[in-house]
Structure formats: C-alpha cells, structure tokens
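**Student:** Below is the file protein_36.tsv, with TSV, C-alpha atoms.
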```tsv
chain	number	residue	atom	x	y	z
A	1	MET	CA	-63.96	50.25	24.40
A	2	ALA	CA	-62.70	50.95	27.91
A	3	PHE	CA	-61.10	48.07	29.81
A	4	PHE	CA	-59.04	47.56	32.96
A	5	ASP	CA	-56.43	44.81	33.19
A	6	PRO	CA	-53.92	45.40	36.00
A	7	THR	CA	-52.31	41.98	35.45
A	8	ARG	CA	-50.45	43.08	32.30
A	9	ALA	CA	-46.70	43.57	32.62
A	10	ALA	CA	-47.02	46.93	30.88
A	11	TYR	CA	-49.51	48.08	33.50
A	12	ARG	CA	-47.23	47.04	36.36
A	13	ALA	CA	-44.32	48.91	34.78
A	14	ASP	CA	-46.33	52.12	34.23
A	15	PRO	CA	-50.05	52.11	35.05
A	16	TYR	CA	-50.64	55.80	34.51
A	17	PRO	CA	-51.32	55.93	30.74
A	18	SER	CA	-53.95	53.19	31.10
A	19	LEU	CA	-55.53	54.93	34.08
A	20	ALA	CA	-55.60	58.25	32.20
A	21	ARG	CA	-57.47	56.64	29.29
A	22	LEU	CA	-59.93	55.00	31.67
A	23	ARG	CA	-60.47	58.27	33.53
A	24	THR	CA	-61.37	59.95	30.22
A	25	GLU	CA	-63.42	57.17	28.59
A	26	ASP	CA	-65.21	55.55	31.54
A	27	PRO	CA	-64.39	57.21	34.88
A	28	VAL	CA	-66.54	54.82	36.94
A	29	HIS	CA	-65.80	51.59	35.10
A	30	TRP	CA	-67.22	48.13	35.76
A	31	SER	CA	-64.41	45.61	35.26
A	32	THR	CA	-65.67	42.17	34.34
A	33	GLY	CA	-62.13	40.81	34.71
A	34	ILE	CA	-61.90	41.56	38.41
A	35	ASN	CA	-65.65	41.90	39.10
A	36	ALA	CA	-65.43	45.34	40.63
A	37	TRP	CA	-66.13	49.03	40.07
A	38	VAL	CA	-63.01	51.05	39.21
A	39	PRO	CA	-63.45	54.81	39.78
A	40	THR	CA	-60.46	56.81	38.51
A	41	ARG	CA	-61.41	60.49	39.02
A	42	TYR	CA	-60.40	62.28	42.20
A	43	ALA	CA	-63.99	63.31	42.99
A	44	GLU	CA	-65.45	59.78	43.00
A	45	CYS	CA	-62.44	58.24	44.74
A	46	ALA	CA	-62.62	60.85	47.52
A	47	GLU	CA	-66.38	60.28	47.78
A	48	VAL	CA	-65.87	56.55	48.28
A	49	LEU	CA	-63.18	57.06	50.92
A	50	HIS	CA	-65.16	59.68	52.85
A	51	ASP	CA	-68.55	57.97	52.96
A	52	SER	CA	-68.18	54.97	55.25
A	53	GLN	CA	-71.95	54.60	55.49
A	54	ARG	CA	-72.27	53.77	51.79
A	55	PHE	CA	-68.83	52.22	51.23
A	56	THR	CA	-67.42	49.96	53.92
A	57	THR	CA	-63.93	48.54	54.40
A	58	ASP	CA	-65.45	45.29	55.68
A	59	PRO	CA	-67.10	43.06	53.05
A	60	ALA	CA	-68.69	41.03	55.85
A	61	ARG	CA	-71.02	44.00	56.41
A	62	THR	CA	-72.49	43.51	52.94
A	63	ALA	CA	-74.27	40.63	51.21
A	64	GLY	CA	-73.54	37.98	48.63
A	65	PRO	CA	-70.88	35.31	48.01
A	66	ARG	CA	-67.95	37.62	48.86
A	67	ALA	CA	-69.40	38.42	52.30
A	68	GLU	CA	-70.10	34.75	52.96
A	69	ALA	CA	-66.57	33.75	51.96
A	70	ILE	CA	-65.00	36.40	54.20
A	71	THR	CA	-67.17	35.37	57.16
A	72	PHE	CA	-66.19	31.72	56.70
A	73	HIS	CA	-62.50	32.59	56.39
A	74	ARG	CA	-62.46	34.71	59.54
A	75	ALA	CA	-64.07	31.93	61.54
A	76	SER	CA	-61.31	29.53	60.51
A	77	VAL	CA	-58.14	31.58	61.14
A	78	PRO	CA	-56.52	32.93	64.32
A	79	LEU	CA	-57.78	36.37	65.38
A	80	GLY	CA	-60.04	36.32	62.32
A	81	ASN	CA	-63.02	37.79	64.16
A	82	ALA	CA	-61.11	40.10	66.47
A	83	PRO	CA	-61.66	43.79	65.68
A	84	THR	CA	-59.02	45.67	63.70
A	85	LEU	CA	-58.68	49.25	62.52
A	86	GLY	CA	-59.43	48.03	59.01
A	87	THR	CA	-62.68	46.22	59.77
A	88	THR	CA	-64.42	48.54	62.23
A	89	SER	CA	-66.36	51.75	61.62
A	90	GLY	CA	-68.08	54.48	63.57
A	91	ALA	CA	-67.78	54.57	67.35
A	92	ALA	CA	-65.98	51.20	67.51
A	93	HIS	CA	-63.35	52.44	65.07
A	94	ARG	CA	-62.86	55.73	66.92
A	95	GLU	CA	-62.42	53.86	70.20
A	96	LEU	CA	-59.64	51.70	68.76
A	97	ARG	CA	-57.88	54.68	67.14
A	98	ASN	CA	-58.03	56.68	70.38
A	99	ILE	CA	-56.07	53.98	72.16
A	100	VAL	CA	-52.97	54.36	69.98
A	101	ASN	CA	-53.47	57.85	68.49
A	102	PRO	CA	-51.05	59.48	70.98
A	103	VAL	CA	-48.19	57.26	69.78
A	104	PHE	CA	-48.68	58.29	66.14
A	105	ALA	CA	-49.64	61.93	66.71
A	106	PRO	CA	-47.41	64.60	65.10
A	107	ALA	CA	-45.95	65.59	68.49
A	108	ALA	CA	-44.87	62.01	69.20
A	109	VAL	CA	-43.39	61.70	65.71
A	110	ARG	CA	-41.40	64.90	66.24
A	111	ARG	CA	-39.91	63.40	69.39
A	112	ALA	CA	-38.99	60.26	67.44
A	113	ARG	CA	-37.44	62.14	64.52
A	114	PRO	CA	-33.82	62.10	65.83
A	115	MET	CA	-34.05	58.30	66.15
A	116	ILE	CA	-35.47	58.00	62.63
A	117	ASP	CA	-32.71	60.22	61.21
A	118	THR	CA	-30.07	58.12	62.94
A	119	PHE	CA	-31.46	54.88	61.51
A	120	ALA	CA	-31.54	56.44	58.01
A	121	ARG	CA	-27.98	57.77	58.21
A	122	ASN	CA	-26.62	54.46	59.50
A	123	LEU	CA	-28.19	52.55	56.61
A	124	VAL	CA	-26.98	55.10	54.06
A	125	ASP	CA	-23.45	54.95	55.45
A	126	ALA	CA	-23.43	51.19	54.83
A	127	ILE	CA	-24.36	51.57	51.13
A	128	PRO	CA	-21.37	50.88	48.85
A	129	ALA	CA	-20.75	53.92	46.67
A	130	GLY	CA	-20.00	53.00	43.07
A	131	GLN	CA	-21.20	49.40	43.48
A	132	PRO	CA	-24.54	48.01	42.24
A	133	PHE	CA	-27.04	47.16	44.98
A	134	ASP	CA	-30.76	46.67	45.53
A	135	LEU	CA	-32.32	49.79	47.04
A	136	MET	CA	-35.15	47.74	48.56
A	137	GLY	CA	-32.99	45.21	50.38
A	138	ALA	CA	-30.33	47.66	51.52
A	139	PHE	CA	-32.43	50.65	52.48
A	140	ALA	CA	-36.13	51.02	51.64
A	141	ASN	CA	-37.25	47.83	53.42
A	142	PRO	CA	-35.03	47.88	56.54
A	143	LEU	CA	-35.62	51.52	57.52
A	144	PRO	CA	-39.40	51.38	58.16
A	145	LYS	CA	-39.02	48.01	59.90
A	146	GLN	CA	-36.34	49.36	62.25
A	147	VAL	CA	-38.51	52.36	63.08
A	148	MET	CA	-41.65	50.28	63.61
A	149	LEU	CA	-39.85	47.84	65.93
A	150	ALA	CA	-38.69	50.80	68.01
A	151	VAL	CA	-42.14	52.40	68.02
A	152	MET	CA	-43.84	49.11	68.96
A	153	GLY	CA	-41.72	48.96	72.12
A	154	PHE	CA	-40.67	45.33	72.57
A	155	PRO	CA	-37.23	44.86	74.12
A	156	GLN	CA	-34.56	44.66	71.42
A	157	GLU	CA	-33.80	41.00	72.07
A	158	GLU	CA	-37.46	40.08	71.46
A	159	ALA	CA	-38.40	42.53	68.73
A	160	ASP	CA	-37.38	40.61	65.61
A	161	GLY	CA	-38.96	37.37	66.81
A	162	VAL	CA	-42.26	39.00	67.75
A	163	GLN	CA	-42.38	40.88	64.45
A	164	ARG	CA	-42.07	37.55	62.61
A	165	LEU	CA	-44.94	36.15	64.68
A	166	PHE	CA	-47.09	39.17	63.79
A	167	ALA	CA	-46.25	38.83	60.08
A	168	THR	CA	-47.18	35.13	60.09
A	169	ILE	CA	-50.56	35.81	61.71
A	170	GLU	CA	-51.43	38.75	59.44
A	171	ALA	CA	-50.43	36.89	56.27
A	172	VAL	CA	-52.98	34.15	57.03
A	173	ARG	CA	-55.63	36.54	58.29
A	174	ALA	CA	-55.44	38.47	55.01
A	175	ASN	CA	-55.29	35.42	52.72
A	176	PRO	CA	-58.59	33.61	52.06
A	177	ARG	CA	-56.64	30.85	50.28
A	178	ALA	CA	-54.42	29.98	53.24
A	179	GLY	CA	-54.00	26.22	53.64
A	180	PRO	CA	-54.18	24.05	56.78
A	181	ALA	CA	-50.42	24.12	57.38
A	182	GLU	CA	-50.31	27.93	57.16
A	183	ILE	CA	-53.29	28.26	59.49
A	184	ALA	CA	-51.69	25.90	62.00
A	185	GLU	CA	-48.46	27.94	61.93
A	186	ALA	CA	-50.46	31.13	62.48
A	187	ARG	CA	-52.26	29.59	65.47
A	188	ALA	CA	-48.92	28.68	67.04
A	189	SER	CA	-47.68	32.22	66.32
A	190	GLN	CA	-50.78	33.69	67.95
A	191	ALA	CA	-50.17	31.67	71.12
A	192	ALA	CA	-46.55	32.80	71.26
A	193	ALA	CA	-47.39	36.45	70.53
A	194	THR	CA	-50.14	36.50	73.16
A	195	ALA	CA	-47.77	34.99	75.71
A	196	SER	CA	-45.21	37.70	74.93
A	197	LEU	CA	-47.79	40.44	75.49
A	198	GLU	CA	-49.19	38.82	78.63
A	199	ARG	CA	-45.81	39.10	80.35
A	200	TYR	CA	-46.09	42.88	80.19
A	201	LEU	CA	-49.66	43.35	81.41
A	202	ASP	CA	-48.33	44.65	84.74
A	203	GLY	CA	-45.78	46.97	83.14
A	204	GLY	CA	-42.17	46.72	82.03
A	205	LEU	CA	-42.46	48.28	78.58
A	206	PRO	CA	-41.22	51.79	77.71
A	207	ALA	CA	-43.81	54.54	77.85
A	208	ASP	CA	-44.98	56.24	74.65
A	209	THR	CA	-44.88	53.03	72.62
A	210	VAL	CA	-47.63	51.19	70.76
A	211	LEU	CA	-47.52	48.19	73.07
A	212	SER	CA	-47.62	50.21	76.28
A	213	ALA	CA	-50.60	52.16	74.87
A	214	LEU	CA	-52.38	48.95	73.91
A	215	LEU	CA	-51.78	47.24	77.23
A	216	THR	CA	-52.64	50.29	79.37
A	217	ALA	CA	-55.30	52.23	77.45
A	218	GLY	CA	-56.63	49.09	75.79
A	219	THR	CA	-57.12	47.31	79.10
A	220	ASN	CA	-58.75	50.42	80.59
A	221	ALA	CA	-61.10	50.52	77.57
A	222	GLY	CA	-62.21	46.96	78.31
A	223	LEU	CA	-60.26	45.18	75.56
A	224	GLY	CA	-59.28	41.59	76.22
A	225	LEU	CA	-55.85	40.13	75.52
A	226	GLU	CA	-57.02	38.63	72.20
A	227	GLU	CA	-58.28	42.03	71.02
A	228	ILE	CA	-55.05	43.71	72.11
A	229	THR	CA	-53.02	41.07	70.28
A	230	SER	CA	-55.14	41.58	67.18
A	231	LEU	CA	-54.48	45.33	67.17
A	232	ALA	CA	-50.76	44.82	67.77
A	233	VAL	CA	-50.58	42.38	64.86
A	234	HIS	CA	-52.41	44.77	62.54
A	235	ILE	CA	-50.26	47.79	63.44
A	236	GLY	CA	-46.97	45.92	63.54
A	237	ALA	CA	-47.40	43.96	60.31
A	238	VAL	CA	-49.35	46.23	57.95
A	239	GLY	CA	-47.73	49.65	58.07
A	240	THR	CA	-44.16	49.11	56.92
A	241	GLY	CA	-44.79	47.91	53.35
A	242	PRO	CA	-46.36	51.11	51.98
A	243	THR	CA	-43.67	53.20	53.69
A	244	SER	CA	-40.96	51.11	52.01
A	245	GLY	CA	-42.76	51.64	48.72
A	246	GLY	CA	-42.97	55.36	49.35
A	247	ILE	CA	-39.21	55.57	49.84
A	248	ALA	CA	-38.50	53.49	46.74
A	249	ASN	CA	-41.00	55.19	44.42
A	250	ALA	CA	-39.80	58.65	45.49
A	251	ALA	CA	-36.16	57.67	44.95
A	252	ILE	CA	-37.00	56.26	41.50
A	253	ALA	CA	-38.85	59.47	40.59
A	254	LEU	CA	-35.88	61.60	41.65
A	255	ALA	CA	-33.40	59.34	39.86
A	256	THR	CA	-35.35	59.74	36.62
A	257	HIS	CA	-35.66	63.51	37.16
A	258	PRO	CA	-32.10	64.53	38.12
A	259	ALA	CA	-32.82	68.27	37.83
A	260	THR	CA	-35.62	67.88	40.38
A	261	MET	CA	-33.31	65.88	42.64
A	262	ASP	CA	-30.69	68.66	42.48
A	263	GLU	CA	-33.38	71.25	43.18
A	264	LEU	CA	-34.52	69.40	46.30
A	265	ARG	CA	-30.92	68.93	47.45
A	266	ARG	CA	-30.32	72.68	47.16
A	267	SER	CA	-33.58	73.51	48.95
A	268	PRO	CA	-34.07	70.95	51.74
A	269	GLN	CA	-36.67	73.21	53.36
A	270	TRP	CA	-39.05	72.01	50.63
A	271	MET	CA	-38.80	68.40	51.83
A	272	PRO	CA	-42.12	68.26	53.78
A	273	MET	CA	-44.16	69.49	50.80
A	274	ALA	CA	-42.01	67.60	48.29
A	275	THR	CA	-42.71	64.33	50.09
A	276	HIS	CA	-46.46	64.70	49.51
A	277	GLU	CA	-45.80	65.61	45.87
A	278	LEU	CA	-43.60	62.55	45.31
A	279	LEU	CA	-46.18	60.32	46.99
A	280	ARG	CA	-48.84	61.86	44.75
A	281	TYR	CA	-46.72	61.27	41.66
A	282	ASP	CA	-46.31	57.54	42.33
A	283	SER	CA	-48.25	56.39	45.36
A	284	PRO	CA	-47.37	53.05	46.98
A	285	THR	CA	-51.05	52.75	47.93
A	286	HIS	CA	-52.32	52.28	44.41
A	287	MET	CA	-55.88	51.33	45.27
A	288	ALA	CA	-58.14	51.35	48.34
A	289	PRO	CA	-60.77	48.58	48.34
A	290	ARG	CA	-64.26	49.30	49.59
A	291	PHE	CA	-67.60	47.47	49.34
A	292	ALA	CA	-71.04	48.95	48.81
A	293	ALA	CA	-72.93	48.67	52.09
A	294	MET	CA	-76.21	49.56	50.34
A	295	ASN	CA	-77.64	50.11	46.90
A	296	THR	CA	-76.33	53.50	45.77
A	297	THR	CA	-74.94	55.48	42.85
A	298	LEU	CA	-71.42	56.65	42.06
A	299	GLY	CA	-70.64	59.01	39.21
A	300	GLY	CA	-74.05	58.29	37.72
A	301	ARG	CA	-73.58	54.50	37.79
A	302	ARG	CA	-75.84	52.17	39.76
A	303	VAL	CA	-73.87	50.28	42.42
A	304	HIS	CA	-75.45	47.33	44.23
A	305	ARG	CA	-74.94	46.27	47.82
A	306	GLY	CA	-71.99	43.90	48.04
A	307	ASP	CA	-70.25	45.24	44.92
A	308	ALA	CA	-66.51	45.80	45.27
A	309	VAL	CA	-65.45	49.41	44.62
A	310	LEU	CA	-61.73	49.97	44.08
A	311	ALA	CA	-60.91	53.62	44.72
A	312	MET	CA	-57.88	54.06	42.45
A	313	ALA	CA	-55.70	56.43	44.48
A	314	GLY	CA	-52.98	56.25	41.84
A	315	ALA	CA	-55.40	57.48	39.19
A	316	ALA	CA	-57.00	60.13	41.41
A	317	ASN	CA	-53.58	61.53	42.23
A	318	ARG	CA	-53.00	62.11	38.50
A	319	ASP	CA	-56.42	63.69	37.86
A	320	PRO	CA	-55.73	67.02	36.13
A	321	ILE	CA	-58.83	68.57	37.67
A	322	ALA	CA	-57.39	68.02	41.15
A	323	PHE	CA	-53.70	68.42	40.25
A	324	PRO	CA	-52.94	70.46	37.09
A	325	GLN	CA	-50.15	69.00	34.91
A	326	PRO	CA	-50.28	65.84	37.00
A	327	ASP	CA	-47.59	63.92	35.10
A	328	GLU	CA	-44.97	66.47	36.16
A	329	ILE	CA	-43.22	66.65	39.53
A	330	ASP	CA	-43.67	70.13	40.95
A	331	LEU	CA	-41.87	70.57	44.27
A	332	SER	CA	-43.79	73.77	44.95
A	333	ARG	CA	-47.19	72.06	44.59
A	334	ASP	CA	-49.36	71.65	47.67
A	335	ALA	CA	-50.22	67.98	47.25
A	336	ARG	CA	-51.41	67.29	50.78
A	337	ARG	CA	-54.82	66.27	49.37
A	338	GLN	CA	-53.22	63.28	47.63
A	339	LEU	CA	-55.06	60.06	48.41
A	340	GLY	CA	-52.11	57.82	49.22
A	341	PHE	CA	-53.03	57.89	52.92
A	342	GLY	CA	-56.75	57.63	52.27
A	343	GLN	CA	-59.37	60.04	53.59
A	344	GLY	CA	-62.31	59.93	55.95
A	345	GLU	CA	-62.45	57.85	59.10
A	346	HIS	CA	-59.99	55.29	57.74
A	347	ILE	CA	-57.27	57.80	56.88
A	348	CYS	CA	-53.94	56.17	57.66
A	349	LEU	CA	-53.25	56.19	61.40
A	350	GLY	CA	-49.50	56.16	60.81
A	351	ALA	CA	-49.40	58.91	58.15
A	352	PRO	CA	-47.31	61.35	60.26
A	353	LEU	CA	-44.80	58.59	61.02
A	354	ALA	CA	-44.66	57.41	57.41
A	355	LEU	CA	-44.06	60.97	56.19
A	356	ALA	CA	-41.25	61.40	58.71
A	357	ILE	CA	-39.60	58.14	57.59
A	358	VAL	CA	-39.79	59.03	53.89
A	359	GLN	CA	-38.45	62.53	54.58
A	360	ALA	CA	-35.58	61.16	56.64
A	361	ALA	CA	-34.80	58.55	53.98
A	362	LEU	CA	-34.71	61.04	51.10
A	363	GLY	CA	-32.78	63.57	53.18
A	364	ALA	CA	-30.12	60.99	54.04
A	365	LEU	CA	-29.80	59.81	50.42
A	366	LEU	CA	-29.52	63.35	49.01
A	367	ALA	CA	-27.03	64.44	51.66
A	368	ARG	CA	-24.77	61.45	51.09
A	369	PHE	CA	-24.98	60.92	47.31
A	370	LYS	CA	-24.94	63.28	44.35
A	371	CYS	CA	-26.25	60.74	41.85
A	372	ILE	CA	-28.72	57.84	42.08
A	373	GLU	CA	-28.49	55.80	38.89
A	374	LEU	CA	-31.07	53.17	37.96
A	375	LEU	CA	-29.40	50.07	36.53
A	376	GLY	CA	-32.57	48.53	35.15
A	377	ALA	CA	-36.32	48.75	35.39
A	378	PRO	CA	-37.74	48.34	38.91
A	379	GLU	CA	-39.52	45.02	39.36
A	380	TYR	CA	-43.11	45.34	40.62
A	381	ALA	CA	-45.12	42.40	41.92
A	382	PRO	CA	-48.58	41.74	40.40
A	383	ASN	CA	-50.36	43.45	43.29
A	384	ILE	CA	-53.28	45.69	42.36
A	385	GLU	CA	-53.59	47.26	45.83
A	386	LEU	CA	-49.97	48.25	46.44
A	387	ARG	CA	-47.36	49.62	44.05
A	388	ILE	CA	-44.18	48.57	45.82
A	389	PRO	CA	-41.11	47.32	43.94
A	390	ASP	CA	-39.62	43.95	44.77
A	391	ARG	CA	-36.21	45.08	43.51
A	392	VAL	CA	-34.69	48.42	42.47
A	393	PRO	CA	-31.17	47.90	41.03
A	394	VAL	CA	-29.20	51.13	41.50
A	395	ARG	CA	-25.73	52.59	41.82
A	396	VAL	CA	-24.89	55.73	43.79
A	397	SER	CA	-21.96	58.10	43.70
```
Using the file provided, produce a representation of the structure as structure tokens.
**Tutor:**
Amino acid sequence: MAFFDPTRAAYRADPYPSLARLRTEDPVHWSTGINAWVPTRYAECAEVLHDSQRFTTDPARTAGPRAEAITFHRASVPLGNAPTLGTTSGAAHRELRNIVNPVFAPAAVRRARPMIDTFARNLVDAIPAGQPFDLMGAFANPLPKQVMLAVMGFPQEEADGVQRLFATIEAVRANPRAGPAEIAEARASQAAATASLERYLDGGLPADTVLSALLTAGTNAGLGLEEITSLAVHIGAVGTGPTSGGIANAAIALATHPATMDELRRSPQWMPMATHELLRYDSPTHMAPRFAAMNTTLGGRRVHRGDAVLAMAGAANRDPIAFPQPDEIDLSRDARRQLGFGQGEHICLGAPLALAIVQAALGALLARFKCIELLGAPEYAPNIELRIPDRVPVRVS
C-alpha cells in the first residue's frame, strides 16, 4: 500500500527511492499523515504550478479550518496582511513583479556577474585546503547572502542589521505557531526596518538595486511604505536559502560523482546547462505547496476546495517520462524544464540571479580544488518544502 512519510530519517537522507515508488503506485496520493495531496509525476506537478485559477499559493483564498487559521495568524503578526509575491495572483501579482523585475532580469544579472564571481573567489580562497570544514558555514550560506545584500542596495554599514530585521519579521510571518515574545520582537523589527526605508524615500540609494526599485517604482505604482517594507522583507529574507541549498546539493552530487566533476572542470562551457541538470538531480526546492481554490480533479482524483496540494518538484524532476534515466547526472541534458524554480505566474523571480550564483560557486570550487571529499553524510533538517543541508562536512585538496 502506498504511503508518504517525509519525517523518516531515511527519507531525509535520500527521498528519491520513496518518491519513485509513490510515482509508480499512486502518482496523485492522498497522505493522511500530512493531510494533503502529493502528486509525484511531472505532468500533474506542472499542471498544479501552471494553473493558478485552480491551485492558489494563498490558503486564505480557499475555505475550511486552514484558511481560517491563516487569516487569524496574518491579522496578529506584523505585515501579515500586506501583499507579497507569494500571496498575490493575477494583475496584482504582475504589478508587484513589474516593480522589481528589472533588478532580477538576465541583463541586470549579467552586469552583476563580476561582483558575484569576486565574492565566490574570495570565499574559496579562505577555505583551508586539506583541513575539514563545513561547506555550508564557510561557503554555501555566506555567498548568496553577500550577493543579496549587495543587490538589495542598503549601505554596507547598515546591510547586516537590516537583513537581520527582515529575517526576524519573515520568520514570524511564516510561522503560525509564533508566540507573543516572537511577535513583539517582529513588531519592533518592522518599526526599525520601516524607519530605515523611510530615510531613503527622497533618494540616496544606488540605482539598479531592489530597494531603489521598490522606493521609486513602488511609490509611483501607489504602494505605501508598509507595502514596500513587506516586499523588501519577502525578497531579502526568502531567496537566499534555496540558493545556498542549490550550491550545496550540486557540490555533494559532484563529490559523489568524481568523473562528472572532472568532466565539468575540463569543459566549463557546459556550466550553464550543467547547473540546471544538477538542480534537477537534487533540487533544494523539494516541494511547492498549493491549495485547491475550487473543487477540481488532478490525475483522475477528486480534489476539494481548501485541500492542500504539494507539488513534489523533487519527484517530478526524477520522472523518467520527462527526464530519461533520471537517476543519472547527464551534463549534456537540457534540463531547463526542471521544476526547482517553479512554473507559471509564480516562477521564481530571482531564478536568473540564483543560477548565476550557483554557476559562480561551482566554477570557483572547481577552479581552485581538484578534489571535494565528503567526510560524512550531509545533515538535512526535517523540512518537507526545502531540501537544504544544515551541515556538509568536507575536505578539499
């Protein structure tokens, strides 16, 4: 009998055998353990991500206890009801994306690439060759954060402090179980973050940054300071984790496939395509949650309004119908259809930037080190949505 239990240690270590069985035995599975639909084939996952009329990112747009709980939570936390890229759809979503799209467009990312490469090389140069270290703490976590701070545009002396404020607010906004003390800290952080942004309403920030786009285009679009702060919090706090996971998971895959690592080192021109293939092979975005906005069907199963639907990107990316021989890394494969960045109107805004960061990270590692040796199994947190290691003990030479 098919079942889905992502809390098991064996699943966290390697979810793909379980997902393959589920994809074969019950491809649109109802999990009583987590009270949600779990589609595992590429076709159904892509259908869920593309159809924002039937499957919404915002449970408050549905019905039932989950919608009521989310509505109550948002009313009780700072910026809880302010619009974000993750909770809007249709024209409202397009309007928000258009404000910051120029900062994350491929042309803007190309201009930022020398800066990204410099950050990556500097971090790699500080790694102690021959000595054990944690890849996450020394490299995979700091690189995306350094890039995001630069892209956000706060002056260097303020950047770290504001990023901490953003992280505090987003942690409470995303956690329905946040307690009174955490909510109070988030409210104080909101006041401080809003005050920081307010100082720059009349200018003073570098052009071509997220904050300058928000304060200029956002104000012109009629957004208030609270809405601008909400967008800045969402962009500044949400995007770096999956990029860190992408660096780590790709490095782990190459370390466990040394012939593939040597092949990529000899042929760096393959890096853009190889990055998509490595993200397909072990995506940091393991699952994309959606909620049925109406009674509908999916893969022949009856789905009711308010039901959670977890589009398993990790499973879809290993679907042999979409990607033949999916458990192999093929650097020549065109894997740009992989679902790690989502699809449809909620496709990841920062995908071009994330790809550039992962490419720069892998390029710097391969140029500097001949061998990446795992010193133990990576440690993954019990997080069903993201597959990002907490620690990756390695040694390089």
**Student:** Interatomic distance between CA of Ala356 in chain A and CA of Arg113 in chain A?
**Tutor:**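 Separating CA of Ala356 in chain A from CA of Arg113 in chain A is a distance of 7.0 Å.
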**Student:** Can you write out as CSV which residues of range 233-305 of chain A fall within 7 Å of range 139-161 of chain A, alongside each residue's closest atom pair and its distance in Å to one decimal, counting only C-alpha atoms and ordering rows by chain and ascending residue number?
**Tutor:**
```
residue,atom,partner,partner_atom,distance
A:Gly236,CA,A:Met148,CA,6.9
A:Thr240,CA,A:Pro144,CA,5.4
A:Thr243,CA,A:Pro144,CA,6.4
A:Ser244,CA,A:Ala140,CA,4.8
A:Ile247,CA,A:Ala140,CA,5.8
A:Ala248,CA,A:Ala140,CA,6.0
```
**Student:** Record the distance separating CA of Leu201 in chain A and CA of Asn101 in chain A, expressed in Å with one decimal.
**Tutor:**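 Answer for the CA of Leu201 in chain A to CA of Asn101 in chain A separation: 19.8 Å.
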**Student:** Report, in Å with one decimal, the straight-line distance from CA of Thr194 in chain A to CA of Gln163 in chain A.
**Tutor:** 12.5 Å
**Student:** What lies within 9 Å of Val233 in chain A using all atoms listed in the file, ignoring chain neighbours under 5 positions off, as an NGL selection string?
**Tutor:** :A and (163 or 165-167 or 169-170 or 193 or 228 or 238)
**Student:** Might you pull out every residue within 10 Å of Ile99 in chain A, with only C-alpha atoms counted and same-chain residues fewer than 3 positions away left off, and present them as number ranges by chain?
**Tutor:** A: 94-96, 102-103, 210, 213-221
**Student:** With distances taken over all atoms listed in the file, which residue among A:Asn383, A:Thr297, A:Thr260, A:Gln338 lies nearest His276 in chain A?
**Tutor:**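 Selected residue with least distance to His276 in chain A: A:Gln338.
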**Student:** Would you mind listing what lies within 10 Å of Arg333 in chain A as number ranges by chain, with all atoms listed in the file counted and same-chain residues fewer than 4 positions away left out?
**Tutor:** A: 273-274, 276-277, 323-324, 329
**Student:** Calculated over all atoms listed in the file, which of the candidates A:His234, A:Arg23, A:Arg318, A:Arg8 has the smallest distance to Gly299 in chain A?
**Tutor:**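 Once distances to Gly299 in chain A are computed over all atoms listed in the file, the minimum belongs to A:Arg23.
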**Student:** Mind completing range 28-40 of chain A with N, CA, C and O atoms? Output as a short mmCIF file (atom, residue, chain, number, x, y, z; two decimals), in the frame of the given file, please?
**Tutor:**
```cif
data_model
loop_
_atom_site.label_atom_id
_atom_site.label_comp_id
_atom_site.auth_asym_id
_atom_site.auth_seq_id
_atom_site.Cartn_x
_atom_site.Cartn_y
_atom_site.Cartn_z
N VAL A 28 -66.08 55.79 35.94
CA VAL A 28 -66.54 54.82 36.94
C VAL A 28 -66.83 53.54 36.16
O VAL A 28 -67.93 53.31 35.67
N HIS A 29 -65.81 52.73 36.03
CA HIS A 29 -65.80 51.59 35.10
C HIS A 29 -66.13 50.30 35.84
O HIS A 29 -65.63 50.06 36.94
N TRP A 30 -66.99 49.47 35.23
CA TRP A 30 -67.22 48.13 35.76
C TRP A 30 -66.27 47.17 35.05
O TRP A 30 -66.34 46.98 33.84
N SER A 31 -65.38 46.55 35.82
CA SER A 31 -64.41 45.61 35.26
C SER A 31 -64.94 44.20 35.41
O SER A 31 -65.07 43.69 36.53
N THR A 32 -65.22 43.56 34.28
CA THR A 32 -65.67 42.17 34.34
C THR A 32 -64.52 41.25 34.71
O THR A 32 -64.74 40.17 35.26
N GLY A 33 -63.28 41.66 34.41
CA GLY A 33 -62.13 40.81 34.71
C GLY A 33 -61.91 40.62 36.19
O GLY A 33 -61.56 39.52 36.63
N ILE A 34 -62.11 41.68 36.97
CA ILE A 34 -61.90 41.56 38.41
C ILE A 34 -63.20 41.73 39.19
O ILE A 34 -63.17 41.75 40.42
N ASN A 35 -64.32 41.86 38.48
CA ASN A 35 -65.65 41.90 39.10
C ASN A 35 -65.74 43.01 40.14
O ASN A 35 -66.10 42.78 41.30
N ALA A 36 -65.43 44.22 39.70
CA ALA A 36 -65.43 45.34 40.63
C ALA A 36 -65.59 46.65 39.87
O ALA A 36 -65.27 46.75 38.68
N TRP A 37 -66.09 47.67 40.59
CA TRP A 37 -66.13 49.03 40.07
C TRP A 37 -64.75 49.66 40.22
O TRP A 37 -64.08 49.47 41.25
N VAL A 38 -64.34 50.43 39.21
CA VAL A 38 -63.01 51.05 39.21
C VAL A 38 -63.18 52.55 38.94
O VAL A 38 -63.09 53.00 37.80
N PRO A 39 -63.42 53.36 39.98
CA PRO A 39 -63.45 54.81 39.78
C PRO A 39 -62.03 55.36 39.69
O PRO A 39 -61.15 54.96 40.44
N THR A 40 -61.81 56.30 38.75
CA THR A 40 -60.46 56.81 38.51
C THR A 40 -60.36 58.33 38.63
O THR A 40 -59.25 58.86 38.54
#
```
